[in-house]
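Asker: For reference, the file data_3.cif (mmCIF, C-alpha atoms) is included below:
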data_coords
#
loop_
_atom_site.label_atom_id
_atom_site.label_comp_id
_atom_site.auth_asym_id
_atom_site.auth_seq_id
_atom_site.Cartn_x
_atom_site.Cartn_y
_atom_site.Cartn_z
CA MET A 1 97.82 119.60 38.88
CA ARG A 2 99.86 122.77 39.48
CA ALA A 3 102.73 121.52 37.33
CA SER A 4 100.28 120.86 34.49
CA ARG A 5 98.91 124.39 34.88
CA LEU A 6 102.39 125.93 34.71
CA VAL A 7 103.04 124.04 31.47
CA SER A 8 99.68 125.24 30.13
CA ILE A 9 100.61 128.87 30.87
CA LEU A 10 103.86 128.43 28.95
CA LEU A 11 102.08 126.87 25.97
CA LEU A 12 99.39 129.55 25.90
CA LEU A 13 101.94 132.37 25.94
CA GLN A 14 104.10 130.57 23.40
CA THR A 15 101.24 130.13 20.93
CA ARG A 16 99.15 133.24 21.59
CA GLY A 17 101.73 135.82 22.60
CA ARG A 18 100.71 138.44 25.15
CA MET A 19 97.89 137.52 27.53
CA THR A 20 96.58 139.23 30.65
CA ALA A 21 96.33 137.50 34.02
CA ARG A 22 92.53 137.58 33.72
CA GLU A 23 92.61 135.93 30.29
CA LEU A 24 94.89 133.21 31.61
CA ALA A 25 92.68 132.73 34.65
CA GLU A 26 89.54 132.37 32.54
CA ARG A 27 91.20 129.94 30.17
CA LEU A 28 92.59 127.75 32.97
CA GLU A 29 89.52 128.18 35.22
CA VAL A 30 91.43 129.48 38.23
CA SER A 31 91.57 132.79 40.10
CA VAL A 32 93.69 135.75 38.99
CA ARG A 33 95.56 135.48 42.30
CA THR A 34 96.52 131.89 41.37
CA ILE A 35 97.93 133.12 38.05
CA TYR A 36 100.03 135.71 39.90
CA ARG A 37 101.51 132.95 42.10
CA ASP A 38 102.14 130.71 39.08
CA VAL A 39 103.95 133.51 37.23
CA GLU A 40 106.18 134.06 40.27
CA SER A 41 107.04 130.34 40.25
CA LEU A 42 107.94 130.51 36.56
CA HIS A 43 110.17 133.50 37.24
CA ALA A 44 111.89 131.58 40.03
CA ALA A 45 112.51 128.68 37.64
CA GLY A 46 114.34 131.00 35.24
CA ILE A 47 111.65 131.26 32.56
CA PRO A 48 112.15 134.54 30.61
CA LEU A 49 108.64 135.80 31.26
CA TYR A 50 107.85 139.48 31.74
CA GLY A 51 104.71 141.51 32.26
CA ASP A 52 103.60 145.03 31.40
CA ALA A 53 101.05 146.97 33.39
CA GLY A 54 98.33 149.11 31.90
CA ARG A 55 95.37 148.71 29.63
CA SER A 56 97.30 146.99 26.83
CA GLY A 57 99.62 145.11 29.17
CA GLY A 58 99.92 141.46 29.97
CA TYR A 59 102.41 138.64 30.27
CA GLN A 60 104.70 137.64 27.43
CA LEU A 61 107.67 135.33 26.84
CA LEU A 62 110.95 136.81 25.73
CA ASP A 63 111.14 136.84 21.92
CA GLY A 64 112.65 133.64 20.57
CA TYR A 65 112.03 131.58 23.69
CA ARG A 66 110.56 128.14 23.06
CA THR A 67 109.96 125.39 25.54
CA ARG A 68 110.68 121.74 24.74
CA LEU A 69 108.18 119.62 26.61
CA THR A 70 109.23 116.06 27.44
CA GLY A 71 106.67 115.33 30.13
CA MET A 72 103.89 114.08 27.86
CA THR A 73 101.72 111.49 29.58
CA ALA A 74 100.60 108.21 28.04
CA ASP A 75 97.00 109.42 27.78
CA GLU A 76 98.11 112.63 26.05
CA ALA A 77 100.24 110.73 23.53
CA GLU A 78 97.41 108.31 22.77
CA SER A 79 94.85 111.10 22.36
CA LEU A 80 96.95 112.78 19.66
CA PHE A 81 96.57 109.72 17.45
CA LEU A 82 92.78 109.77 17.91
CA ALA A 83 92.44 113.46 17.11
CA GLY A 84 93.06 113.33 13.35
CA LEU A 85 90.38 112.85 10.70
CA PRO A 86 92.14 111.16 7.75
CA GLY A 87 89.23 111.70 5.35
CA PRO A 88 88.81 115.48 5.87
CA ALA A 89 92.58 115.95 5.99
CA ALA A 90 92.88 114.26 2.60
CA GLU A 91 90.08 116.42 1.17
CA LEU A 92 91.99 119.49 2.30
CA GLY A 93 95.10 118.17 0.58
CA LEU A 94 96.80 117.58 3.93
CA GLY A 95 96.74 113.79 4.07
CA ALA A 96 100.48 113.41 3.48
CA VAL A 97 101.23 116.25 5.90
CA VAL A 98 99.22 114.61 8.69
CA THR A 99 100.96 111.29 8.08
CA ALA A 100 104.39 112.95 8.18
CA ALA A 101 103.55 114.80 11.37
CA GLN A 102 102.41 111.60 13.07
CA LEU A 103 105.59 109.85 12.01
CA LYS A 104 107.72 112.65 13.45
CA LEU A 105 105.73 112.63 16.68
CA MET A 106 106.02 108.86 16.92
CA ALA A 107 109.79 109.05 16.45
CA ALA A 108 110.11 111.69 19.19
CA LEU A 109 108.14 109.72 21.78
CA PRO A 110 109.84 107.48 24.34
CA VAL A 111 109.64 103.79 23.49
CA GLU A 112 106.88 102.96 25.98
CA LEU A 113 104.65 105.80 24.75
CA ARG A 114 105.44 104.95 21.14
CA ASP A 115 104.16 101.41 21.65
CA ARG A 116 100.95 102.59 23.28
CA ALA A 117 100.30 105.19 20.57
CA GLY A 118 100.84 102.51 17.92
CA ARG A 119 98.26 100.26 19.58
CA ILE A 120 95.74 103.12 19.47
CA GLN A 121 96.02 103.30 15.67
CA GLU A 122 95.72 99.51 15.40
CA ARG A 123 92.57 99.35 17.54
CA PHE A 124 90.59 102.54 16.82
CA HIS A 125 89.48 104.08 13.54
CA LEU A 126 87.23 107.11 13.27
CA ASP A 127 84.83 107.12 10.29
CA ALA A 128 82.99 110.43 10.59
CA PRO A 129 80.44 110.31 7.69
CA THR A 130 77.02 108.75 8.21
CA TRP A 131 75.86 105.44 6.71
CA TYR A 132 74.54 105.16 3.15
CA ARG A 133 76.05 108.42 1.93
CA ASP A 134 78.03 108.87 -1.23
CA PRO A 135 81.02 111.23 -0.93
CA GLU A 136 80.13 114.81 -1.81
CA PRO A 137 82.09 116.58 -4.53
CA VAL A 138 84.05 119.39 -2.87
CA THR A 139 85.86 120.75 -5.91
CA TYR A 140 86.52 124.16 -4.39
CA LEU A 141 87.43 123.04 -0.87
CA PRO A 142 91.21 123.66 -1.25
CA ALA A 143 90.51 127.16 -2.63
CA VAL A 144 88.09 127.89 0.20
CA ALA A 145 90.58 126.64 2.78
CA ASP A 146 93.31 128.82 1.27
CA ALA A 147 91.03 131.87 1.47
CA VAL A 148 90.18 131.07 5.10
CA TRP A 149 93.83 130.72 6.03
CA ASN A 150 95.03 133.84 4.19
CA GLU A 151 91.96 135.96 5.03
CA ARG A 152 91.17 136.77 1.41
CA ARG A 153 87.75 137.53 -0.01
CA ILE A 154 86.19 135.22 -2.59
CA GLN A 155 83.47 135.57 -5.20
CA VAL A 156 81.27 132.48 -5.51
CA ARG A 157 78.34 131.26 -7.54
CA TYR A 158 76.23 129.26 -5.10
CA ARG A 159 73.26 126.91 -5.44
CA ARG A 160 70.70 127.18 -2.62
CA TRP A 161 67.40 125.44 -1.96
CA LYS A 162 65.06 128.43 -2.49
CA ALA A 163 64.48 130.60 -5.55
CA PRO A 164 66.46 132.00 -7.14
CA GLN A 165 68.53 128.87 -6.73
CA GLU A 166 71.77 130.17 -8.23
CA VAL A 167 73.13 133.33 -6.62
CA GLU A 168 76.38 135.31 -6.64
CA ARG A 169 77.98 136.06 -3.29
CA ARG A 170 81.04 138.05 -2.21
CA LEU A 171 82.29 136.39 0.97
CA GLU A 172 84.80 136.85 3.76
CA PRO A 173 85.69 133.25 4.77
CA TYR A 174 86.02 132.96 8.57
CA GLY A 175 86.29 129.20 8.98
CA LEU A 176 85.46 125.66 7.82
CA VAL A 177 83.42 123.06 9.69
CA VAL A 178 83.08 119.38 8.83
CA LYS A 179 79.83 117.87 10.06
CA ALA A 180 78.94 114.21 9.42
CA GLY A 181 81.38 114.13 6.51
CA ARG A 182 80.05 117.33 4.92
CA TRP A 183 82.01 120.58 4.70
CA TYR A 184 80.47 123.94 5.59
CA LEU A 185 81.94 127.42 5.13
CA VAL A 186 81.23 130.06 7.75
CA ALA A 187 81.67 133.45 6.11
CA GLY A 188 80.82 137.09 6.40
CA ALA A 189 78.31 138.23 3.78
CA GLY A 190 77.72 141.94 4.05
CA GLU A 191 76.73 142.69 7.66
CA HIS A 192 75.81 139.08 8.46
CA VAL A 193 77.58 135.80 9.12
CA ARG A 194 76.20 132.94 7.01
CA THR A 195 76.80 129.22 6.55
CA TYR A 196 77.38 127.73 3.10
CA ARG A 197 77.69 124.09 2.07
CA VAL A 198 80.96 123.77 0.18
CA SER A 199 79.59 121.13 -2.22
CA GLN A 200 76.98 123.68 -3.40
CA ILE A 201 79.61 126.15 -4.60
CA LEU A 202 79.35 126.05 -8.40
CA ASP A 203 82.16 128.47 -9.17
CA LEU A 204 84.77 130.37 -7.17
CA HIS A 205 87.13 133.25 -7.90
CA PRO A 206 89.73 134.36 -5.32
CA LEU A 207 89.83 138.14 -4.94
CA PRO A 208 92.97 140.18 -4.25
CA GLU A 209 91.49 142.02 -1.24
CA VAL A 210 92.18 140.84 2.28
CA PHE A 211 89.78 141.27 5.18
CA THR A 212 90.02 141.46 8.97
CA ARG A 213 88.25 138.84 11.03
CA PRO A 214 85.80 140.28 13.59
CA ASP A 215 87.38 140.70 17.01
CA GLY A 216 86.53 137.82 19.28
CA PHE A 217 84.86 135.70 16.59
CA ASP A 218 84.65 132.13 17.94
CA LEU A 219 84.03 129.56 15.20
CA ALA A 220 83.01 126.78 17.62
CA ALA A 221 80.59 129.06 19.49
CA TYR A 222 79.06 130.31 16.23
CA TRP A 223 78.57 126.76 14.98
CA GLN A 224 76.89 125.66 18.21
CA GLY A 225 74.50 128.61 17.99
CA TYR A 226 73.83 127.87 14.32
CA LEU A 227 72.93 124.24 15.12
CA GLU A 228 70.58 125.30 17.92
CA GLU A 229 68.87 127.83 15.64
CA PHE A 230 68.64 125.28 12.81
CA GLU A 231 67.04 122.67 15.09
CA ALA A 232 64.60 125.25 16.44
CA ARG A 233 63.49 126.14 12.88
CA LEU A 234 62.75 122.48 12.20
CA LYS A 235 60.22 122.30 15.03
CA TRP A 236 57.16 123.29 13.02
CA GLY A 237 54.72 121.84 15.55
CA GLU A 238 54.01 118.90 17.82
CA ALA A 239 52.31 115.54 17.49
CA VAL A 240 50.60 113.52 20.20
CA VAL A 241 51.23 109.83 19.63
CA ARG A 242 50.39 106.50 21.28
CA LEU A 243 53.21 103.97 21.12
CA SER A 244 53.09 100.26 21.76
CA PRO A 245 55.82 98.78 23.98
CA ALA A 246 57.60 97.62 20.81
CA GLY A 247 57.19 101.05 19.19
CA LEU A 248 58.67 102.75 22.24
CA LYS A 249 61.74 100.51 22.01
CA ARG A 250 62.13 101.14 18.26
CA LEU A 251 62.27 104.94 18.64
CA ASP A 252 66.04 104.94 19.20
CA ASP A 253 66.61 103.20 15.86
CA LEU A 254 64.05 105.08 13.77
CA MET A 255 63.81 108.63 15.09
CA THR A 256 66.24 111.53 15.61
CA PRO A 257 67.75 112.11 19.07
CA GLY A 258 65.58 115.21 19.56
CA VAL A 259 62.37 113.26 18.98
CA VAL A 260 63.55 110.42 21.22
CA ALA A 261 64.42 112.84 24.04
CA ALA A 262 61.06 114.62 23.74
CA ALA A 263 59.22 111.28 23.80
CA ARG A 264 60.98 110.20 26.97
CA GLU A 265 60.39 113.52 28.73
CA SER A 266 56.68 113.64 27.86
CA ALA A 267 55.87 109.94 28.28
CA GLN A 268 52.79 109.26 30.38
CA PRO A 269 52.23 106.06 32.36
CA PRO A 270 51.21 103.14 30.10
CA ASP A 271 47.46 102.65 29.63
CA GLU A 272 45.55 99.38 30.10
CA GLN A 273 46.87 98.04 26.78
CA GLY A 274 50.46 98.93 27.73
CA TRP A 275 50.62 101.77 25.21
CA THR A 276 52.40 105.04 26.10
CA ARG A 277 51.22 108.52 25.14
CA VAL A 278 53.99 110.96 24.15
CA THR A 279 54.32 114.43 22.61
CA VAL A 280 57.10 114.97 20.06
CA PRO A 281 58.21 117.80 17.73
CA ILE A 282 57.58 117.51 13.98
CA GLU A 283 59.07 119.42 11.06
CA SER A 284 55.97 119.37 8.83
CA ILE A 285 52.94 117.21 8.10
CA GLY A 286 54.63 115.67 5.05
CA HIS A 287 57.86 114.87 6.89
CA ALA A 288 56.03 113.48 9.93
CA LEU A 289 53.90 111.27 7.67
CA GLY A 290 56.97 109.42 6.44
CA GLU A 291 58.50 109.24 9.92
CA PHE A 292 55.48 107.68 11.63
CA LEU A 293 54.80 105.28 8.77
CA ARG A 294 58.14 103.70 9.64
CA LEU A 295 56.67 102.66 13.00
CA GLY A 296 53.83 100.81 11.26
CA THR A 297 51.14 99.49 13.59
CA ASP A 298 53.23 100.26 16.67
CA ALA A 299 52.17 103.92 16.60
CA GLU A 300 48.85 105.78 16.56
CA VAL A 301 48.89 109.53 15.90
CA LEU A 302 46.18 111.32 17.90
CA GLU A 303 47.03 114.93 17.01
CA PRO A 304 47.20 116.99 14.85
CA ALA A 305 44.06 115.95 13.02
CA GLU A 306 45.56 116.68 9.59
CA LEU A 307 48.44 114.28 10.19
CA ARG A 308 46.08 111.59 11.50
CA GLU A 309 43.88 111.98 8.39
CA ARG A 310 46.90 111.80 6.05
CA LEU A 311 48.07 108.60 7.76
CA ALA A 312 44.60 107.07 7.50
CA ALA A 313 44.37 107.96 3.81
CA THR A 314 47.84 106.54 3.13
CA ALA A 315 47.00 103.33 4.99
CA ALA A 316 43.77 102.95 3.00
CA GLU A 317 45.66 103.45 -0.26
CA LEU A 318 48.19 100.81 0.76
CA VAL A 319 45.42 98.35 1.60
CA ALA A 320 43.81 98.94 -1.79
CA ARG A 321 47.09 98.55 -3.61
CA TYR A 322 48.12 95.34 -1.89
CA ARG A 323 44.67 93.70 -1.69
CA LEU A 324 44.87 90.10 -2.89
CA PRO A 325 42.60 89.22 -5.80
CA SER A 326 39.51 87.28 -4.72
CA ILE A 327 39.44 83.63 -5.76
CA SER A 328 36.13 82.02 -6.74
CA LEU A 329 35.75 78.25 -6.61
CA ASP A 330 33.57 76.44 -9.13
CA ILE A 331 31.91 73.62 -7.18
CA SER A 332 29.19 72.81 -9.70
CA GLY A 333 29.26 69.32 -10.91
#
As structure tokens - that is how I would like this structure written.
Answerer:
Amino acid sequence: MRASRLVSILLLLQTRGRMTARELAERLEVSVRTIYRDVESLHAAGIPLYGDAGRSGGYQLLDGYRTRLTGMTADEAESLFLAGLPGPAAELGLGAVVTAAQLKLMAALPVELRDRAGRIQERFHLDAPTWYRDPEPVTYLPAVADAVWNERRIQVRYRRWKAPQEVERRLEPYGLVVKAGRWYLVAGAGEHVRTYRVSQILDLHPLPEVFTRPDGFDLAAYWQGYLEEFEARLKWGEAVVRLSPAGLKRLDDLMTPGVVAAARESAQPPDEQGWTRVTVPIESIGHALGEFLRLGTDAEVLEPAELRERLAATAAELVARYRLPSISLDISG
């Protein structure tokens, strides 16, 4: 455990440059005192590591020092061949680069680790996009990625869902996120940070000006907050529903994880007919209508009244549409 932590300190300083003892402690989830002891051990091992005191101080490796790590475990080697996303890498124009990097890594591994890493690729394949989805056109993805990497502003013409649908935006690209096979740009727009779907960019012009990323901006943390806010906006209201035993089992296949979790948390003991009463979030009356129709006769909406009435009206219309023509029999004579 301690040896792994010493290696982690070396890698952090090698990739990030100067770091304080507190920053190292927070990153490695240990005490500052533990970092002090680890640094002393690295000094004793001859690692050219020095520290400066003061407000802008910290630990740093001697310029030009690089460590060559040969102690990679089998699990670590295998995980590297599960980490890549071939589809997104290809969309970024990095498919050949990823393949070359994996080949170089494979060649550098000891024989026993090389064999295990090869078996990983033979037995596991990650297909990130969802089912029944055609690939989205991401014409400007390479240009967006270049602007993100080089911290250059871009001018885009963007299509959004509300009026006016086509808008012009001057953006500072902070990062790219791929979610369920779709690419999203996180960018500064004036005083705010916004999220833009790359496939909705209709035109893009790189600008000569560079920008400075906000201090401490964390792309992963922003995205998590964005998802939580997005999901909260979708919860327009709640519906009280009775579910048959079969309907309760079908929730996992037909409803979103949020609805399934809410149903399980709010489920009351089954009534005399074996039906369970639950309370679940809904986006809107129209959206909920389609969702609960998928459950057919295994669900009965009790509230809100408007949703119940819409379901009843839809069911009546379906009955009228699919009613079989009456057949009269002539039995005279």
Asker: Apply the PyMOL selection byres ((chain A and resi 169) around 9) to the structure shown and report the selected residues as a PyMOL selection string.
Answerer: chain A and resi 154-158+167-168+170-171+189
Asker: Here is a test: counting all atoms listed in the file, which residue of A:Met19, A:Glu306, A:Leu251, A:Gln224 is nearest to Arg264 of chain A?
Answerer: A:Leu251
Asker: Which value, in Å to one decimal, gives the distance between atom CA of Thr20 of chain A and atom CA of Gln60 of chain A?
Answerer: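 Between these atoms lies a distance of 8.9 Å.
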Asker: Which residues come within 12 Å of Arg233 of chain A, counting only C-alpha atoms, excluding same-chain residues fewer than 3 positions away, as an NGL selection string?
Answerer: :A and (226-230 or 236-237 or 281-284)
Asker: So which residues touch segment 266-277 of chain A within 6 Å, counting all atoms listed in the file, skipping near sequence neighbours fewer than 5 positions away, as a VMD selection string?
Answerer: chain A and resid 241 to 244
Asker: Between atom CA of Leu219 of chain A and atom CA of Val138 of chain A, what is the distance in Å, rounded to a tenth?
Answerer: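 Here the two named atoms are 20.7 Å from each other.
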